[in-house]
Amino acid sequence: MKCNIRVSNVCMRDVKLLSISFALSFFSMGFSKADTLSVAVAANVQFAFDDLKEEFKKQTGHELKGIFNSSGKFVSQITNGAPFDVFMSADMDYPNVLYQQGFSSAAPKIYAYGSLVLWTNKNIDLQSWQVLLENEKIQKIAIANPKTAPYGRETMRALKFYKLDAAVESRLVYAESISQTNQYIYSGLVDVGFTAKSVVVSAEMRGKGQWIELPVNSYTPIAQGVIILKHGRENAPQMSQQFYEFLSSAKAKAILQKNGYAAP
């Protein structure tokens, strides 16, 4: 709210009225800010989140503010007091930890299942990708940090499944999150990299480079969980609940499926 106020040559009564008006304006601005929900969003959901945000506003009139990072880093931030209302994780483990530690009064639920792909933005044929990764000509392979990013953790599980972990170990380039992994791949800083299917099918990245989906039996299905945090329950309970329920709606599921996820 903008105010054009002339304060020169006014009487004390006018000053008091102006003070009251300013206080009401300040309260009003604070109230409108409270109409925005703060959502900690796993980096792999970044492209889908814009569509979810638009549809949620259309249905409820409420704004969503998405902050993107690896799920493990979000847990550290939340346990240290970060004021997020809702957490959309890349797995179920991290939100369950928060629930068990009392950062939520209700257990998380699955909102989507994610898939792993191998992606390159170079002229590399990925059809025989297992043989390809054993070849020393592939010098740099991007992967999200398996200690903080569930997609990185499941990538390591897939590499072990195919007995490729030892062969590629010295050539792995660890990124902080899927977002940084994508930057490494897209910019050509690495030859290939493992990322989320939601990235390569997004409107922003569709048709760029080559990718191949990993067989689902090579890693644990990536069940992604959402949880309403204590901050959301205390400061925006109705809005937090609305968004939590919205993620199970037909519209949200359609958006997530369009972005490469499987519905729960």
# chains A, B, ... in the order shown; residues from 1 in each chain; ligands from 1

call {"tool": "residues_around", "arguments": {"residues": "stretch 198-207 of chain A", "least_positions_apart": "4", "cutoff": "12 Å", "atoms": "only C-alpha atoms", "output": "JSON, numbers by chain"}}
result
{"A": [42, 43, 44, 45, 46, 47, 48, 49, 50, 51, 90, 112, 113, 114, 115, 116, 117, 118, 119, 120, 121, 151, 178, 179, 180, 181, 182, 183, 185, 186, 193, 194, 211, 212, 213, 255, 256, 257, 258, 259, 260, 261, 262]}

call {"tool": "select_by_dssp", "arguments": {"residues": "stretch 113-250 of chain A", "states": "strand (DSSP E or B)", "output": "PyMOL selection string"}}
result
chain A and resi 113-114+116-120+141-144+172-175+192-196+210-213+222-228

call {"tool": "residues_around", "arguments": {"residues": "stretch 127-142 of chain A", "least_positions_apart": "6", "cutoff": "8 Å", "atoms": "only C-alpha atoms", "output": "PyMOL selection string"}}
result
chain A and resi 162+164+167-168+171-175+181+184-185+189-194+212

call {"tool": "write_last_selection", "arguments": {"atoms": "all heavy atoms", "output": "compact mmCIF listing (two decimals), in the first residue's frame"}}
result
# COMPACT_ATOMS: atom_id res chain seq x y z
N TYR A 162 23.79 -52.20 -10.84
CA TYR A 162 24.43 -52.61 -12.10
C TYR A 162 25.94 -52.81 -11.94
O TYR A 162 26.65 -52.98 -12.94
CB TYR A 162 24.15 -51.57 -13.18
CG TYR A 162 22.71 -51.57 -13.64
CD1 TYR A 162 21.86 -50.53 -13.32
CD2 TYR A 162 22.21 -52.64 -14.38
CE1 TYR A 162 20.53 -50.54 -13.73
CE2 TYR A 162 20.88 -52.66 -14.79
CZ TYR A 162 20.05 -51.61 -14.45
OH TYR A 162 18.73 -51.63 -14.86
N LEU A 164 28.24 -50.74 -11.20
CA LEU A 164 28.97 -49.67 -11.88
C LEU A 164 29.59 -48.67 -10.90
O LEU A 164 30.34 -47.80 -11.31
CB LEU A 164 28.03 -48.90 -12.83
CG LEU A 164 27.55 -49.65 -14.08
CD1 LEU A 164 26.42 -48.87 -14.74
CD2 LEU A 164 28.70 -49.86 -15.04
N ALA A 167 33.37 -48.49 -10.86
CA ALA A 167 33.91 -48.06 -12.15
C ALA A 167 33.78 -46.55 -12.37
O ALA A 167 34.62 -45.93 -13.03
CB ALA A 167 33.21 -48.80 -13.29
N VAL A 168 32.74 -45.95 -11.81
CA VAL A 168 32.50 -44.51 -12.06
C VAL A 168 32.91 -43.63 -10.89
O VAL A 168 32.88 -42.40 -11.01
CB VAL A 168 31.00 -44.25 -12.38
CG1 VAL A 168 30.56 -45.08 -13.57
CG2 VAL A 168 30.11 -44.53 -11.17
N ARG A 171 34.97 -40.55 -11.28
CA ARG A 171 34.50 -39.59 -12.30
C ARG A 171 33.20 -38.90 -11.89
O ARG A 171 32.66 -38.09 -12.65
CB ARG A 171 34.31 -40.32 -13.64
CG ARG A 171 35.62 -40.78 -14.25
CD ARG A 171 35.39 -41.61 -15.50
NE ARG A 171 34.94 -42.96 -15.17
CZ ARG A 171 34.09 -43.67 -15.91
NH1 ARG A 171 33.57 -43.15 -17.01
NH2 ARG A 171 33.75 -44.89 -15.56
N LEU A 172 32.72 -39.18 -10.70
CA LEU A 172 31.48 -38.56 -10.23
C LEU A 172 31.73 -37.11 -9.81
O LEU A 172 32.70 -36.81 -9.12
CB LEU A 172 30.90 -39.34 -9.05
CG LEU A 172 30.37 -40.74 -9.35
CD1 LEU A 172 29.86 -41.40 -8.07
CD2 LEU A 172 29.27 -40.70 -10.41
N VAL A 173 30.84 -36.24 -10.25
CA VAL A 173 30.88 -34.83 -9.86
C VAL A 173 29.65 -34.58 -9.01
O VAL A 173 28.52 -34.65 -9.51
CB VAL A 173 30.89 -33.90 -11.09
CG1 VAL A 173 30.87 -32.44 -10.65
CG2 VAL A 173 32.10 -34.20 -11.97
N TYR A 174 29.84 -34.30 -7.72
CA TYR A 174 28.71 -34.15 -6.80
C TYR A 174 28.19 -32.72 -6.80
O TYR A 174 28.93 -31.76 -6.64
CB TYR A 174 29.13 -34.56 -5.38
CG TYR A 174 29.47 -36.03 -5.26
CD1 TYR A 174 30.80 -36.45 -5.28
CD2 TYR A 174 28.48 -36.99 -5.16
CE1 TYR A 174 31.13 -37.79 -5.19
CE2 TYR A 174 28.79 -38.34 -5.06
CZ TYR A 174 30.12 -38.74 -5.08
OH TYR A 174 30.44 -40.07 -4.99
N ALA A 175 26.88 -32.61 -6.96
CA ALA A 175 26.20 -31.31 -6.91
C ALA A 175 25.41 -31.21 -5.61
O ALA A 175 25.07 -32.22 -5.00
CB ALA A 175 25.27 -31.17 -8.11
N THR A 181 22.83 -30.12 -10.31
CA THR A 181 23.12 -31.23 -11.22
C THR A 181 22.70 -30.86 -12.64
O THR A 181 23.44 -31.05 -13.60
CB THR A 181 22.39 -32.51 -10.79
OG1 THR A 181 22.69 -32.80 -9.43
CG2 THR A 181 22.79 -33.69 -11.66
N TYR A 184 25.03 -28.42 -14.28
CA TYR A 184 26.26 -29.07 -14.75
C TYR A 184 26.02 -29.78 -16.10
O TYR A 184 26.86 -29.72 -17.00
CB TYR A 184 26.75 -30.09 -13.73
CG TYR A 184 27.31 -29.51 -12.45
CD1 TYR A 184 27.54 -30.33 -11.34
CD2 TYR A 184 27.62 -28.16 -12.34
CE1 TYR A 184 28.07 -29.81 -10.16
CE2 TYR A 184 28.13 -27.64 -11.16
CZ TYR A 184 28.36 -28.47 -10.07
OH TYR A 184 28.88 -27.94 -8.92
N ILE A 185 24.89 -30.47 -16.19
CA ILE A 185 24.59 -31.23 -17.41
C ILE A 185 24.28 -30.28 -18.58
O ILE A 185 24.85 -30.40 -19.66
CB ILE A 185 23.40 -32.19 -17.19
CG1 ILE A 185 23.69 -33.17 -16.06
CG2 ILE A 185 23.07 -32.94 -18.48
CD1 ILE A 185 22.46 -33.93 -15.57
N LEU A 189 29.34 -28.89 -18.53
CA LEU A 189 30.47 -29.04 -17.62
C LEU A 189 30.77 -30.51 -17.34
O LEU A 189 31.88 -30.86 -16.95
CB LEU A 189 30.19 -28.31 -16.30
CG LEU A 189 30.26 -26.78 -16.35
CD1 LEU A 189 29.82 -26.19 -15.03
CD2 LEU A 189 31.67 -26.31 -16.69
N VAL A 190 29.75 -31.35 -17.54
CA VAL A 190 29.93 -32.80 -17.40
C VAL A 190 29.47 -33.45 -18.70
O VAL A 190 28.77 -32.84 -19.51
CB VAL A 190 29.14 -33.36 -16.20
CG1 VAL A 190 29.61 -32.75 -14.90
CG2 VAL A 190 27.64 -33.15 -16.40
N ASP A 191 29.86 -34.71 -18.88
CA ASP A 191 29.45 -35.43 -20.10
C ASP A 191 28.00 -35.92 -19.99
O ASP A 191 27.21 -35.79 -20.94
CB ASP A 191 30.39 -36.61 -20.33
CG ASP A 191 31.82 -36.16 -20.56
OD1 ASP A 191 32.04 -35.34 -21.47
OD2 ASP A 191 32.71 -36.61 -19.81
N VAL A 192 27.68 -36.50 -18.85
CA VAL A 192 26.33 -37.00 -18.59
C VAL A 192 26.01 -36.76 -17.12
O VAL A 192 26.88 -36.43 -16.32
CB VAL A 192 26.21 -38.52 -18.90
CG1 VAL A 192 26.46 -38.80 -20.37
CG2 VAL A 192 27.17 -39.32 -18.03
N GLY A 193 24.76 -36.97 -16.75
CA GLY A 193 24.39 -36.83 -15.35
C GLY A 193 23.05 -37.48 -15.05
O GLY A 193 22.22 -37.67 -15.97
N PHE A 194 22.86 -37.84 -13.81
CA PHE A 194 21.61 -38.45 -13.38
C PHE A 194 20.71 -37.38 -12.76
O PHE A 194 21.14 -36.62 -11.89
CB PHE A 194 21.89 -39.55 -12.35
CG PHE A 194 22.59 -40.75 -12.92
CD1 PHE A 194 23.98 -40.83 -12.93
CD2 PHE A 194 21.88 -41.80 -13.48
CE1 PHE A 194 24.64 -41.93 -13.46
CE2 PHE A 194 22.52 -42.91 -14.01
CZ PHE A 194 23.90 -42.97 -14.00
N ILE A 212 17.61 -41.03 -21.07
CA ILE A 212 17.06 -42.38 -21.03
C ILE A 212 16.64 -42.68 -19.60
O ILE A 212 17.34 -42.32 -18.64
CB ILE A 212 18.08 -43.43 -21.54
CG1 ILE A 212 17.41 -44.79 -21.69
CG2 ILE A 212 19.31 -43.50 -20.64
CD1 ILE A 212 18.26 -45.78 -22.49

call {"tool": "atom_distance", "arguments": {"atom1": "atom CA of A:Gln101", "atom2": "atom CA of A:Met88"}}
result
17.2 Å

call {"tool": "closest_residue", "arguments": {"among": "A:Leu229, A:Ala263, A:Ile78, A:Ala252", "to": "A:Leu37", "atoms": "only C-alpha atoms"}}
result
A:Leu229

call {"tool": "select_by_dssp", "arguments": {"residues": "stretch 73-262 of chain A", "states": "alpha helix (DSSP H)", "output": "ChimeraX atom specification"}}
result
/A:73-79,93-100,129-134,150-161,165-168,178-187,197-200,230-235,237-246,250-258

call {"tool": "write_last_selection", "arguments": {"atoms": "C-alpha atoms", "output": "mmCIF file, in the first residue's frame"}}
result
data_model
loop_
_atom_site.group_PDB
_atom_site.id
_atom_site.type_symbol
_atom_site.label_atom_id
_atom_site.label_comp_id
_atom_site.auth_asym_id
_atom_site.auth_seq_id
_atom_site.Cartn_x
_atom_site.Cartn_y
_atom_site.Cartn_z
ATOM 1 C CA LYS A 73 19.366 -29.142 3.548
ATOM 2 C CA PHE A 74 15.742 -28.193 4.192
ATOM 3 C CA VAL A 75 15.609 -30.542 7.180
ATOM 4 C CA SER A 76 18.667 -28.825 8.635
ATOM 5 C CA GLN A 77 17.125 -25.386 8.060
ATOM 6 C CA ILE A 78 13.743 -26.367 9.510
ATOM 7 C CA THR A 79 15.242 -27.901 12.636
ATOM 8 C CA ASP A 93 12.349 -40.255 5.016
ATOM 9 C CA TYR A 94 13.101 -36.580 5.599
ATOM 10 C CA PRO A 95 9.522 -35.474 6.391
ATOM 11 C CA ASN A 96 9.137 -38.517 8.643
ATOM 12 C CA VAL A 97 12.215 -37.398 10.582
ATOM 13 C CA LEU A 98 10.639 -33.968 11.069
ATOM 14 C CA TYR A 99 7.376 -35.543 12.207
ATOM 15 C CA GLN A 100 9.153 -37.781 14.704
ATOM 16 C CA TRP A 129 24.301 -46.458 -21.152
ATOM 17 C CA GLN A 130 25.778 -49.101 -18.851
ATOM 18 C CA VAL A 131 28.583 -49.883 -21.294
ATOM 19 C CA LEU A 132 28.959 -46.152 -21.900
ATOM 20 C CA LEU A 133 29.582 -45.379 -18.219
ATOM 21 C CA GLU A 134 32.312 -48.010 -18.043
ATOM 22 C CA PRO A 150 17.205 -38.463 -2.330
ATOM 23 C CA TYR A 151 17.670 -38.596 -6.100
ATOM 24 C CA GLY A 152 21.414 -38.758 -5.544
ATOM 25 C CA ARG A 153 20.943 -41.529 -3.003
ATOM 26 C CA GLU A 154 18.818 -43.572 -5.407
ATOM 27 C CA THR A 155 21.294 -42.950 -8.227
ATOM 28 C CA MET A 156 23.977 -44.600 -6.110
ATOM 29 C CA ARG A 157 21.600 -47.495 -5.455
ATOM 30 C CA ALA A 158 21.096 -47.931 -9.214
ATOM 31 C CA LEU A 159 24.835 -47.789 -9.899
ATOM 32 C CA LYS A 160 25.429 -50.471 -7.270
ATOM 33 C CA PHE A 161 22.612 -52.562 -8.756
ATOM 34 C CA ASP A 165 29.671 -47.784 -8.634
ATOM 35 C CA ALA A 166 33.361 -48.690 -8.445
ATOM 36 C CA ALA A 167 33.911 -48.055 -12.154
ATOM 37 C CA VAL A 168 32.498 -44.514 -12.059
ATOM 38 C CA ILE A 178 19.168 -31.699 -8.540
ATOM 39 C CA SER A 179 19.078 -28.048 -9.652
ATOM 40 C CA GLN A 180 22.847 -27.797 -9.583
ATOM 41 C CA THR A 181 23.125 -31.225 -11.222
ATOM 42 C CA ASN A 182 20.976 -29.923 -14.074
ATOM 43 C CA GLN A 183 23.186 -26.870 -14.442
ATOM 44 C CA TYR A 184 26.260 -29.068 -14.755
ATOM 45 C CA ILE A 185 24.588 -31.229 -17.412
ATOM 46 C CA TYR A 186 22.921 -28.457 -19.399
ATOM 47 C CA SER A 187 26.039 -26.259 -19.497
ATOM 48 C CA LYS A 197 12.506 -37.301 -15.167
ATOM 49 C CA SER A 198 10.458 -34.241 -14.217
ATOM 50 C CA VAL A 199 13.361 -32.064 -15.367
ATOM 51 C CA VAL A 200 13.816 -33.434 -18.890
ATOM 52 C CA LYS A 230 4.607 -26.556 12.938
ATOM 53 C CA HIS A 231 5.095 -23.013 11.629
ATOM 54 C CA GLY A 232 2.292 -23.554 9.113
ATOM 55 C CA ARG A 233 -0.064 -25.001 11.726
ATOM 56 C CA GLU A 234 0.524 -22.037 14.023
ATOM 57 C CA ASN A 235 0.618 -19.182 11.496
ATOM 58 C CA PRO A 237 -3.384 -23.370 9.398
ATOM 59 C CA GLN A 238 -6.226 -22.990 6.896
ATOM 60 C CA MET A 239 -3.999 -22.148 3.937
ATOM 61 C CA SER A 240 -1.527 -24.909 4.804
ATOM 62 C CA GLN A 241 -4.340 -27.461 4.987
ATOM 63 C CA GLN A 242 -5.780 -26.215 1.695
ATOM 64 C CA PHE A 243 -2.474 -26.709 -0.104
ATOM 65 C CA TYR A 244 -1.905 -30.083 1.567
ATOM 66 C CA GLU A 245 -5.307 -31.282 0.314
ATOM 67 C CA PHE A 246 -4.860 -29.608 -3.080
ATOM 68 C CA ALA A 250 -7.288 -34.381 -9.697
ATOM 69 C CA LYS A 251 -5.925 -31.071 -11.008
ATOM 70 C CA ALA A 252 -2.676 -31.345 -9.016
ATOM 71 C CA LYS A 253 -2.204 -34.997 -9.987
ATOM 72 C CA ALA A 254 -2.670 -34.095 -13.657
ATOM 73 C CA ILE A 255 -0.033 -31.368 -13.357
ATOM 74 C CA LEU A 256 2.398 -33.721 -11.647
ATOM 75 C CA GLN A 257 1.821 -36.480 -14.216
ATOM 76 C CA LYS A 258 2.387 -33.995 -17.049
#

call {"tool": "atom_distance", "arguments": {"atom1": "atom CA of A:Pro83", "atom2": "atom CA of A:Ser249"}}
result
25.9 Å

call {"tool": "atom_distance", "arguments": {"atom1": "atom CA of A:Ser218", "atom2": "atom CA of A:Thr148"}}
result
20.1 Å
